[in-house]
file start30.cif (mmCIF, C-alpha atoms)
data_target
#
loop_
_atom_site.label_atom_id
_atom_site.label_comp_id
_atom_site.auth_asym_id
_atom_site.auth_seq_id
_atom_site.Cartn_x
_atom_site.Cartn_y
_atom_site.Cartn_z
CA MET U 177 -12.45 -15.64 10.41
CA SER U 178 -10.38 -14.10 7.64
CA LYS U 179 -11.76 -11.41 5.36
CA VAL U 180 -10.98 -10.64 1.74
CA ILE U 181 -11.27 -6.94 0.88
CA VAL U 182 -10.98 -5.67 -2.69
CA VAL U 183 -9.83 -2.10 -3.31
CA THR U 184 -11.40 -1.13 -6.60
CA SER U 185 -12.61 1.86 -8.65
CA GLY U 186 -12.97 1.15 -12.35
CA LYS U 187 -11.10 4.31 -13.26
CA GLY U 188 -7.32 4.46 -13.09
CA GLY U 189 -5.26 6.96 -11.15
CA VAL U 190 -7.81 7.61 -8.40
CA GLY U 191 -5.74 6.14 -5.56
CA LYS U 192 -6.39 2.40 -5.42
CA THR U 193 -2.78 1.43 -4.77
CA THR U 194 -2.22 4.31 -2.33
CA THR U 195 -5.37 3.24 -0.49
CA SER U 196 -4.47 -0.48 -0.56
CA ALA U 197 -0.99 0.23 0.84
CA SER U 198 -2.20 2.50 3.62
CA PHE U 199 -5.23 0.36 4.50
CA ALA U 200 -3.15 -2.83 4.76
CA THR U 201 -0.42 -1.03 6.73
CA GLY U 202 -3.07 0.37 9.07
CA LEU U 203 -4.71 -3.01 9.69
CA ALA U 204 -1.32 -4.58 10.41
CA SER U 205 -0.36 -1.76 12.78
CA ARG U 206 -3.50 -2.55 14.75
CA GLY U 207 -2.21 -6.07 15.30
CA HIS U 208 -3.99 -7.94 12.52
CA ARG U 209 -2.08 -10.31 10.29
CA THR U 210 -2.53 -8.73 6.87
CA VAL U 211 -1.44 -9.47 3.32
CA VAL U 212 -1.85 -7.09 0.40
CA ILE U 213 -1.94 -8.55 -3.14
CA ASP U 214 -1.18 -6.65 -6.35
CA PHE U 215 -3.60 -7.88 -9.04
CA ASP U 216 -2.23 -5.57 -11.73
CA ILE U 217 -0.42 -8.21 -13.80
CA GLY U 218 2.14 -6.65 -16.09
CA LEU U 219 2.00 -3.26 -14.36
CA ARG U 220 3.37 -3.95 -10.90
CA ASN U 221 3.30 -0.84 -8.69
CA LEU U 222 2.27 -1.79 -5.18
CA ASP U 223 5.88 -2.84 -4.48
CA LEU U 224 7.03 0.74 -5.11
CA VAL U 225 4.37 2.29 -2.92
CA MET U 226 5.18 -0.23 -0.16
CA GLY U 227 8.91 0.32 -0.62
CA CYS U 228 9.83 -3.32 -1.25
CA GLU U 229 10.59 -3.25 -4.99
CA ARG U 230 14.16 -4.49 -4.52
CA ARG U 231 13.07 -7.52 -2.55
CA VAL U 232 10.77 -9.04 -5.17
CA VAL U 233 11.97 -12.52 -6.15
CA TYR U 234 8.82 -14.47 -6.95
CA ASP U 235 5.38 -13.03 -7.72
CA PHE U 236 1.66 -13.83 -7.73
CA VAL U 237 1.76 -15.49 -11.16
CA ASN U 238 4.65 -17.74 -10.06
CA VAL U 239 2.46 -18.89 -7.18
CA ILE U 240 -0.56 -19.40 -9.45
CA ASN U 241 1.54 -21.47 -11.85
CA GLU U 242 3.02 -23.40 -8.91
CA GLU U 243 6.55 -22.30 -9.82
CA ALA U 244 7.00 -20.93 -6.32
CA SER U 245 5.32 -21.47 -2.97
CA LEU U 246 3.42 -18.71 -1.22
CA LYS U 247 6.09 -18.69 1.45
CA GLN U 248 8.74 -17.94 -1.17
CA ALA U 249 6.73 -15.19 -2.86
CA LEU U 250 5.41 -13.29 0.17
CA ILE U 251 7.54 -10.30 1.16
CA ARG U 252 7.52 -9.34 4.81
CA ASP U 253 7.23 -5.60 5.44
CA LYS U 254 10.43 -4.16 6.84
CA ASN U 255 8.64 -2.26 9.62
CA ASP U 256 5.80 -4.56 10.60
CA SER U 257 6.00 -8.32 11.02
CA ASN U 258 2.19 -8.56 10.67
CA LEU U 259 2.28 -7.23 7.13
CA TYR U 260 3.09 -9.12 3.92
CA ILE U 261 3.05 -8.14 0.26
CA LEU U 262 2.35 -10.44 -2.70
CA PRO U 263 3.64 -8.57 -5.76
CA ALA U 264 2.22 -8.78 -9.28
CA SER U 265 4.36 -10.12 -12.07
CA GLN U 266 5.94 -7.60 -14.37
CA THR U 267 6.10 -9.64 -17.55
CA ARG U 268 3.57 -12.45 -17.67
CA ASP U 269 0.32 -12.13 -19.53
CA LYS U 270 -3.09 -11.82 -17.93
CA ASP U 271 -4.20 -15.27 -19.11
CA ALA U 272 -2.49 -16.68 -16.02
CA PHE U 273 -5.59 -15.76 -14.05
CA ASN U 274 -8.39 -18.23 -13.62
CA GLU U 275 -10.93 -18.62 -10.82
CA GLN U 276 -9.66 -21.96 -9.53
CA ALA U 277 -5.99 -21.00 -9.34
CA VAL U 278 -6.66 -17.63 -7.72
CA GLY U 279 -9.12 -19.32 -5.37
CA ARG U 280 -6.50 -21.83 -4.30
CA VAL U 281 -4.06 -19.00 -3.41
CA ILE U 282 -6.75 -17.01 -1.59
CA ASN U 283 -7.78 -20.08 0.45
CA GLU U 284 -4.19 -20.74 1.43
CA LEU U 285 -3.85 -17.11 2.51
CA ARG U 286 -7.10 -17.32 4.49
CA GLU U 287 -5.48 -19.95 6.71
CA ASN U 288 -2.66 -17.62 7.72
CA PHE U 289 -4.06 -14.09 7.64
CA ASP U 290 -6.87 -12.08 9.21
CA TYR U 291 -7.18 -9.68 6.27
CA ILE U 292 -6.40 -10.19 2.59
CA VAL U 293 -6.39 -6.87 0.75
CA CYS U 294 -6.69 -7.15 -3.05
CA ASP U 295 -5.39 -4.13 -4.98
CA SER U 296 -7.39 -4.20 -8.21
CA PRO U 297 -6.11 -2.97 -11.57
CA ALA U 298 -8.12 -0.26 -13.36
CA GLY U 299 -10.73 -1.24 -15.92
CA ILE U 300 -13.26 -4.07 -15.97
CA GLU U 301 -11.12 -6.76 -17.59
CA LYS U 302 -10.01 -10.13 -16.21
CA GLY U 303 -7.56 -8.73 -13.62
CA ALA U 304 -10.18 -6.45 -12.10
CA LEU U 305 -12.76 -9.26 -12.12
CA MET U 306 -10.34 -11.64 -10.42
CA ALA U 307 -9.51 -9.05 -7.76
CA LEU U 308 -13.17 -8.72 -6.79
CA PHE U 309 -14.26 -12.33 -7.36
CA TYR U 310 -13.52 -13.69 -3.88
CA ALA U 311 -14.19 -10.46 -1.98
CA ASP U 312 -16.20 -10.30 1.24
CA GLU U 313 -16.01 -6.51 1.40
CA ALA U 314 -15.03 -3.77 -1.04
CA LEU U 315 -13.46 -0.34 -0.74
CA VAL U 316 -14.69 1.65 -3.73
CA VAL U 317 -12.16 4.45 -4.27
CA THR U 318 -13.70 7.51 -5.92
CA ASN U 319 -12.44 11.00 -6.80
CA PRO U 320 -14.93 13.88 -6.64
CA GLU U 321 -14.91 13.96 -10.41
CA ILE U 322 -17.54 13.03 -12.98
CA SER U 323 -15.85 10.11 -14.75
CA SER U 324 -14.62 8.55 -11.52
CA VAL U 325 -18.14 8.55 -10.04
CA ARG U 326 -19.59 6.94 -13.15
CA ASP U 327 -16.88 4.25 -13.21
CA SER U 328 -17.39 3.53 -9.52
CA ASP U 329 -21.06 3.03 -10.25
CA ARG U 330 -20.15 0.51 -12.97
CA ILE U 331 -17.87 -1.34 -10.55
CA LEU U 332 -20.69 -1.48 -7.98
CA GLY U 333 -22.74 -3.21 -10.67
CA MET U 334 -19.94 -5.74 -11.18
CA LEU U 335 -19.60 -6.40 -7.44
CA ALA U 336 -23.32 -7.14 -7.34
CA ALA U 337 -23.29 -9.39 -10.41
CA LYS U 338 -19.88 -10.96 -11.05
CA SER U 339 -18.52 -11.89 -7.63
CA LEU U 340 -18.57 -15.38 -6.15
CA ARG U 341 -21.00 -14.15 -3.50
CA ALA U 342 -23.35 -12.91 -6.23
CA ILE U 343 -23.06 -16.13 -8.25
CA ASN U 344 -23.69 -18.32 -5.18
CA GLY U 345 -26.54 -16.11 -4.02
CA ASP U 346 -24.77 -15.50 -0.69
CA GLU U 347 -24.96 -12.34 1.34
CA PRO U 348 -23.74 -9.57 -1.00
CA ILE U 349 -20.29 -7.95 -0.75
CA LYS U 350 -20.27 -5.18 1.85
CA GLU U 351 -19.39 -1.99 -0.05
CA HIS U 352 -17.65 1.03 1.45
CA LEU U 353 -17.05 4.37 -0.24
CA VAL U 354 -13.60 5.99 0.01
CA VAL U 355 -13.43 9.50 -1.43
CA THR U 356 -9.86 10.52 -2.24
CA ARG U 357 -8.29 13.81 -3.38
CA TYR U 358 -11.09 15.74 -1.72
CA SER U 359 -10.69 19.51 -1.67
CA PRO U 360 -13.15 21.38 0.59
CA VAL U 361 -12.08 24.74 -0.90
CA ARG U 362 -13.07 23.67 -4.39
CA VAL U 363 -16.31 22.12 -3.13
CA GLU U 364 -17.19 25.41 -1.43
CA GLY U 365 -16.48 27.20 -4.70
CA GLY U 366 -18.98 24.95 -6.46
CA GLU U 367 -16.41 23.51 -8.84
CA MET U 368 -16.07 20.07 -7.23
CA LEU U 369 -18.73 17.46 -6.46
CA ALA U 370 -19.53 17.53 -2.75
CA LEU U 371 -19.34 14.48 -0.55
CA GLU U 372 -23.14 14.39 -0.16
CA ASP U 373 -23.55 14.41 -3.96
CA ILE U 374 -21.20 11.44 -4.40
CA GLN U 375 -22.90 9.51 -1.61
CA GLU U 376 -26.32 10.25 -3.04
CA LEU U 377 -25.27 9.17 -6.54
CA LEU U 378 -23.54 5.94 -5.49
CA GLY U 379 -25.78 5.06 -2.55
CA ILE U 380 -23.20 3.26 -0.40
CA ASP U 381 -21.84 3.92 3.08
CA LEU U 382 -18.91 6.30 3.43
CA ILE U 383 -15.91 4.90 5.29
CA GLY U 384 -13.29 7.58 4.64
CA VAL U 385 -12.53 10.92 3.04
CA ILE U 386 -8.89 11.52 2.17
CA PRO U 387 -8.08 15.19 1.57
CA GLU U 388 -5.97 16.23 -1.40
CA SER U 389 -2.45 16.47 -0.02
CA GLN U 390 1.19 16.84 -1.03
CA ALA U 391 2.01 14.12 1.47
CA VAL U 392 0.63 11.36 -0.80
CA LEU U 393 3.18 12.06 -3.55
CA GLN U 394 5.99 12.43 -1.05
CA ALA U 395 5.03 9.13 0.55
CA SER U 396 5.00 7.18 -2.71
CA ASN U 397 8.26 8.87 -3.77
CA SER U 398 9.92 7.44 -0.69
CA GLY U 399 8.10 4.08 -0.63
CA ILE U 400 6.45 4.64 2.74
CA PRO U 401 2.65 4.30 2.82
CA VAL U 402 1.18 7.72 3.64
CA ILE U 403 -0.60 6.30 6.71
CA ARG U 404 2.83 6.17 8.38
CA ASP U 405 3.12 9.97 7.97
CA GLU U 406 1.32 10.83 11.18
CA GLN U 407 1.73 14.57 10.64
CA SER U 408 -0.12 14.61 7.33
CA ARG U 409 -3.86 15.03 7.00
CA SER U 410 -4.03 12.17 4.48
CA GLY U 411 -2.22 9.86 6.88
CA GLN U 412 -4.59 10.78 9.69
CA ALA U 413 -7.61 10.34 7.41
CA TYR U 414 -6.43 6.83 6.46
CA ARG U 415 -5.90 6.03 10.15
CA ASP U 416 -9.49 7.09 10.85
CA MET U 417 -10.69 4.97 7.95
CA VAL U 418 -8.97 1.85 9.35
CA SER U 419 -10.55 2.51 12.76
CA ARG U 420 -14.00 2.78 11.17
CA PHE U 421 -13.40 -0.44 9.26
CA LEU U 422 -12.59 -2.13 12.58
CA GLY U 423 -15.95 -0.96 13.90
CA GLU U 424 -15.00 2.16 15.82
CA ASP U 425 -17.15 5.25 15.71
CA VAL U 426 -14.80 7.97 14.46
CA PRO U 427 -16.18 11.26 13.11
CA MET U 428 -15.11 12.40 9.62
CA ARG U 429 -12.43 15.08 9.52
CA PHE U 430 -11.02 17.53 6.98
CA LEU U 431 -14.41 18.15 5.37
CA ASP U 432 -14.54 21.91 5.86
CA VAL U 433 -12.41 24.73 4.59
CA GLU U 434 -9.62 25.46 7.03
CA LYS U 435 -10.10 28.71 8.86
CA LYS U 436 -7.21 31.02 8.17
CA GLY U 437 -5.79 33.69 10.42
CA PHE U 438 -6.04 37.37 9.60
CA LEU U 439 -2.58 37.67 8.01
CA LYS U 440 -3.01 34.50 5.97
CA ARG U 441 -6.29 35.78 4.66
CA ILE U 442 -4.70 39.03 3.53
CA PHE U 443 -1.47 37.68 2.09
CA GLY U 444 -2.30 34.05 1.33
CA ALA U 445 -0.78 30.89 2.69
CA MET F 239 -8.00 33.31 -0.69
CA SER F 240 -5.62 36.24 -0.36
CA ILE F 241 -6.01 39.82 -1.55
CA PHE F 242 -3.88 38.99 -4.60
CA ASP F 243 -6.29 36.29 -5.68
CA TYR F 244 -9.05 38.83 -6.18
CA PHE F 245 -7.12 40.26 -9.09
CA ARG F 246 -6.02 36.91 -10.45
CA ARG F 247 -9.13 34.78 -10.24
CA LYS F 248 -12.03 34.67 -12.58
CA PRO F 249 -15.39 34.22 -10.88
CA ALA F 250 -15.78 30.59 -9.81
CA LYS F 251 -17.97 28.53 -12.08
CA ARG F 252 -20.45 26.41 -10.22
CA SER F 253 -19.94 23.46 -12.51
CA ALA F 254 -20.33 20.80 -9.80
CA ALA F 255 -24.12 21.10 -10.01
CA ILE F 256 -23.95 20.45 -13.76
CA ALA F 257 -21.76 17.39 -13.15
CA LYS F 258 -24.23 16.00 -10.63
CA GLU F 259 -27.20 16.50 -12.94
CA ARG F 260 -25.40 14.80 -15.85
CA LEU F 261 -24.36 11.88 -13.64
CA HIS F 262 -27.94 11.39 -12.44
CA ILE F 263 -29.15 11.05 -16.00
CA VAL F 264 -26.38 8.86 -17.39
CA MET F 265 -26.29 6.53 -14.38
CA ALA F 266 -30.06 6.03 -14.42
CA HIS F 267 -29.78 5.05 -18.07
CA GLU F 268 -26.83 2.73 -17.49
CA HIS F 269 -28.59 0.98 -14.62
CA ARG F 270 -31.34 -0.01 -17.02
CA VAL F 271 -29.12 -1.02 -19.91
CA VAL F 272 -25.75 -2.33 -18.75
CA ASN F 273 -25.02 -5.14 -16.36
CA GLY F 274 -26.74 -7.41 -18.84
CA PRO F 275 -25.55 -10.97 -19.37
CA ASP F 276 -22.23 -11.57 -21.14
CA TYR F 277 -23.93 -13.24 -24.11
CA LEU F 278 -25.92 -10.10 -24.94
CA PRO F 279 -23.50 -8.64 -27.53
CA ALA F 280 -23.25 -12.02 -29.34
CA LEU F 281 -27.03 -12.46 -29.17
CA LYS F 282 -27.49 -9.00 -30.66
CA ARG F 283 -25.07 -9.73 -33.49
CA GLU F 284 -26.67 -13.06 -34.39
CA LEU F 285 -30.19 -11.64 -34.25
CA MET F 286 -29.13 -8.92 -36.62
CA GLU F 287 -27.61 -11.43 -39.02
CA VAL F 288 -30.83 -13.44 -39.10
CA ILE F 289 -32.96 -10.38 -39.70
CA ALA F 290 -30.64 -9.15 -42.41
CA LYS F 291 -31.18 -12.47 -44.27
CA TYR F 292 -34.87 -11.75 -44.73
CA VAL F 293 -35.21 -8.00 -44.64
CA HIS F 294 -33.00 -5.45 -46.30
CA VAL F 295 -32.43 -3.08 -43.49
CA SER F 296 -29.23 -1.46 -42.38
CA ARG F 297 -27.70 -2.36 -39.04
CA GLU F 298 -28.57 1.05 -37.65
CA ASP F 299 -32.28 0.33 -38.19
CA ILE F 300 -32.18 -2.64 -35.83
CA LYS F 301 -32.12 -1.88 -32.13
CA VAL F 302 -31.73 -4.56 -29.48
CA ASN F 303 -32.19 -3.48 -25.89
CA LEU F 304 -32.28 -5.32 -22.63
CA GLU F 305 -34.13 -3.39 -19.97
CA ARG F 306 -34.78 -4.27 -16.39
CA HIS F 307 -37.97 -3.34 -14.60
CA GLY F 308 -37.77 -4.63 -11.06
CA ASP F 309 -37.25 -8.38 -11.22
CA CYS F 310 -38.41 -8.58 -14.82
CA GLU F 311 -36.00 -8.35 -17.75
CA ILE F 312 -37.33 -7.31 -21.14
CA LEU F 313 -35.45 -8.00 -24.36
CA GLU F 314 -36.67 -5.44 -26.83
CA LEU F 315 -36.13 -5.84 -30.56
CA ASN F 316 -36.94 -2.79 -32.61
CA ILE F 317 -36.68 -2.98 -36.41
CA ALA F 318 -37.45 -0.02 -38.61
CA LEU F 319 -38.69 -1.72 -41.82
CA PRO F 320 -38.05 -0.06 -45.17
CA GLU F 321 -41.07 1.36 -47.00
CA GLU F 322 -40.90 -0.79 -50.17
CA LYS F 323 -43.76 -3.30 -50.37
CA GLU F 324 -41.74 -6.22 -51.78
CA THR F 325 -39.69 -6.66 -48.63
CA ALA F 326 -41.19 -9.27 -46.40
CA ALA F 327 -41.76 -8.21 -42.85
CA ALA F 328 -40.21 -10.47 -40.31
CA ASN F 329 -42.11 -11.13 -37.16
#
call {"tool": "encode", "arguments": {"input": "start30.cif", "output": "structure tokens"}}
result
Amino acid sequence: MSKVIVVTSGKGGVGKTTTSASFATGLASRGHRTVVIDFDIGLRNLDLVMGCERRVVYDFVNVINEEASLKQALIRDKNDSNLYILPASQTRDKDAFNEQAVGRVINELRENFDYIVCDSPAGIEKGALMALFYADEALVVTNPEISSVRDSDRILGMLAAKSLRAINGDEPIKEHLVVTRYSPVRVEGGEMLALEDIQELLGIDLIGVIPESQAVLQASNSGIPVIRDEQSRSGQAYRDMVSRFLGEDVPMRFLDVEKKGFLKRIFGA
Amino acid sequence: MSIFDYFRRKPAKRSAAIAKERLHIVMAHEHRVVNGPDYLPALKRELMEVIAKYVHVSREDIKVNLERHGDCEILELNIALPEEKETAAAN
């Protein structure tokens, strides 16, 4: 049984594409056939984060308009034969999207993949609605920051009202909270919303906490999803998140302020 | 935090608690109001046009709200009528 998972947030710049890339890479590395789709028509970026920008020939809109087959448009990841990327178009307008056409592509993908990860654009317009429409599960990416939490709450409302599952009255989309750019030091100082606050406000299950880290920028600079950086805390946190998604019981890490040695405490890191 | 930071840093503001409180309030409000049907803005506009035909009130004096109480949705129409007697009150 294949699963469609939307990675969404409402607000832009919170880490949807970073999360989509690492989540899909993680699922594939665990042996699952996975495809990750960029729904951000006109503002393609997943290809950069996945490091396949120079191999894009056809895109999602070409497939929707039947100008190219899925086989032609899918890009196989250079490191993992289980992982494919369906890039967004860079030029076409958003009107290309409609439920039937997107549904046809999703159904075709369902026949060949275990997991279909949909990287949503920011906002609550057509692209974002299309990304969540066919979802079975959702990763709601949230920063510990006031506007991000509010926008995530709005998106939760959309998942509950505008998805195919909601319209058909089926079992609702399973929602998971992913908190990114988390900084325990700033939480301890009382200047950043704590994990418990975000969970209480949004009321959904936590699946991962990704600590604020230099590694994320370095990873996207080089086009290697941060989950492949096994040394970095963010990479490890994404790995844990994938394990939890696959049903393993993995405790949360990187939630507390790192204890520093005597010299570090005196002179700083 | 190193010894140098004690000279550099201002005392930390505990603004996270303020953020949480504000979010509680605004999200509770939005849960009642938003997530209404797509036709709501058009319905509001047309209702206002009809009312404006019969009563001389400014747009700001007409409030249309959709609130949800459990399973029950209530469409609330609130018109502040002007004080002049000659204007007919719409029901």
call {"tool": "resolve_selection", "arguments": {"input": "start30.cif", "expression": "the PyMOL selection byres ((chain U and resi 177) around 12)", "output": "list in words"}}
result
Ser178, Lys179, Val180, His208, Arg209, Asn283, Leu285, Arg286, Glu287, Asn288, Phe289, Asp290, Tyr291, Ile292 and Asp312 of chain U
call {"tool": "resolve_selection", "arguments": {"input": "start30.cif", "expression": "the PyMOL selection byres ((chain F and resi 282) around 12)", "output": "PDB file with C-alpha atoms, in the coordinates of the input"}}
result
ATOM      1  CA  GLY F 274     -26.740  -7.410 -18.840  1.00  0.00           C
ATOM      2  CA  PRO F 275     -25.550 -10.970 -19.370  1.00  0.00           C
ATOM      3  CA  ASP F 276     -22.230 -11.570 -21.140  1.00  0.00           C
ATOM      4  CA  TYR F 277     -23.930 -13.240 -24.110  1.00  0.00           C
ATOM      5  CA  LEU F 278     -25.920 -10.100 -24.940  1.00  0.00           C
ATOM      6  CA  PRO F 279     -23.500  -8.640 -27.530  1.00  0.00           C
ATOM      7  CA  ALA F 280     -23.250 -12.020 -29.340  1.00  0.00           C
ATOM      8  CA  LEU F 281     -27.030 -12.460 -29.170  1.00  0.00           C
ATOM      9  CA  ARG F 283     -25.070  -9.730 -33.490  1.00  0.00           C
ATOM     10  CA  GLU F 284     -26.670 -13.060 -34.390  1.00  0.00           C
ATOM     11  CA  LEU F 285     -30.190 -11.640 -34.250  1.00  0.00           C
ATOM     12  CA  MET F 286     -29.130  -8.920 -36.620  1.00  0.00           C
ATOM     13  CA  GLU F 287     -27.610 -11.430 -39.020  1.00  0.00           C
ATOM     14  CA  VAL F 288     -30.830 -13.440 -39.100  1.00  0.00           C
ATOM     15  CA  ILE F 289     -32.960 -10.380 -39.700  1.00  0.00           C
ATOM     16  CA  ARG F 297     -27.700  -2.360 -39.040  1.00  0.00           C
ATOM     17  CA  ILE F 300     -32.180  -2.640 -35.830  1.00  0.00           C
ATOM     18  CA  LYS F 301     -32.120  -1.880 -32.130  1.00  0.00           C
ATOM     19  CA  VAL F 302     -31.730  -4.560 -29.480  1.00  0.00           C
ATOM     20  CA  ASN F 303     -32.190  -3.480 -25.890  1.00  0.00           C
ATOM     21  CA  LEU F 304     -32.280  -5.320 -22.630  1.00  0.00           C
ATOM     22  CA  LEU F 313     -35.450  -8.000 -24.360  1.00  0.00           C
ATOM     23  CA  GLU F 314     -36.670  -5.440 -26.830  1.00  0.00           C
ATOM     24  CA  LEU F 315     -36.130  -5.840 -30.560  1.00  0.00           C
ATOM     25  CA  ASN F 316     -36.940  -2.790 -32.610  1.00  0.00           C
TER      26      ASN F 316
END
call {"tool": "interface_residues", "arguments": {"input": "start30.cif", "of": "chain U", "to": "chain F", "cutoff": "10 Å", "atoms": "only C-alpha atoms", "output": "ChimeraX atom specification"}}
result
/U:320-323,325-327,329-331,333-334,336-338,361-370,373-374,376-378,436,439-445
call {"tool": "atom_distance", "arguments": {"input": "start30.cif", "atom1": "CA of Asp253 (chain U)", "atom2": "CA of Ala204 (chain U)"}}
result
9.9 Å
call {"tool": "residues_near_point", "arguments": {"input": "start30.cif", "point": "(-11.7, -3.7, -3.6)", "cutoff": "7 Å", "atoms": "all atoms listed in the file", "output": "VMD selection string"}}
result
chain U and resid 181 to 184 294 to 296 308 314 to 316
call {"tool": "atom_distance", "arguments": {"input": "start30.cif", "atom1": "CA of Gly218 (chain U)", "atom2": "CA of Thr356 (chain U)"}}
result
25.1 Å
call {"tool": "residues_around", "arguments": {"input": "start30.cif", "residues": "Val354 (chain U)", "least_positions_apart": "2", "cutoff": "6 Å", "atoms": "all atoms listed in the file", "output": "list in words"}}
result
Val316, Val317, Ile383, Gly384 and Val385 of chain U
call {"tool": "resolve_selection", "arguments": {"input": "start30.cif", "expression": "the PyMOL selection byres ((chain U and resi 261) around 10)", "output": "CSV table (one decimal) with C-alpha atoms, keeping the file's coordinate frame"}}
result
chain,number,residue,atom,x,y,z
U,197,ALA,CA,-1.0,0.2,0.8
U,200,ALA,CA,-3.2,-2.8,4.8
U,210,THR,CA,-2.5,-8.7,6.9
U,211,VAL,CA,-1.4,-9.5,3.3
U,212,VAL,CA,-1.8,-7.1,0.4
U,213,ILE,CA,-1.9,-8.6,-3.1
U,214,ASP,CA,-1.2,-6.6,-6.4
U,222,LEU,CA,2.3,-1.8,-5.2
U,223,ASP,CA,5.9,-2.8,-4.5
U,226,MET,CA,5.2,-0.2,-0.2
U,228,CYS,CA,9.8,-3.3,-1.2
U,232,VAL,CA,10.8,-9.0,-5.2
U,235,ASP,CA,5.4,-13.0,-7.7
U,236,PHE,CA,1.7,-13.8,-7.7
U,249,ALA,CA,6.7,-15.2,-2.9
U,250,LEU,CA,5.4,-13.3,0.2
U,251,ILE,CA,7.5,-10.3,1.2
U,252,ARG,CA,7.5,-9.3,4.8
U,253,ASP,CA,7.2,-5.6,5.4
U,259,LEU,CA,2.3,-7.2,7.1
U,260,TYR,CA,3.1,-9.1,3.9
U,262,LEU,CA,2.4,-10.4,-2.7
U,263,PRO,CA,3.6,-8.6,-5.8
U,264,ALA,CA,2.2,-8.8,-9.3
U,292,ILE,CA,-6.4,-10.2,2.6
U,293,VAL,CA,-6.4,-6.9,0.8
call {"tool": "atom_distance", "arguments": {"input": "start30.cif", "atom1": "CA of His352 (chain U)", "atom2": "CA of Gln375 (chain U)"}}
result
10.4 Å
call {"tool": "closest_residue", "arguments": {"input": "start30.cif", "among": "U:Ser389, U:Thr195, U:Asn238, U:Ser396", "to": "Pro360 (chain U)", "atoms": "all atoms listed in the file"}}
result
U:Ser389
call {"tool": "closest_residue", "arguments": {"input": "start30.cif", "among": "U:Met306, U:Arg415, U:Leu393, U:Glu434", "to": "Gln276 (chain U)", "atoms": "all atoms listed in the file"}}
result
U:Met306
call {"tool": "closest_residue", "arguments": {"input": "start30.cif", "among": "U:Asn255, U:Ser185, U:Ser198, U:Asn344", "to": "Glu406 (chain U)", "atoms": "only C-alpha atoms"}}
result
U:Ser198
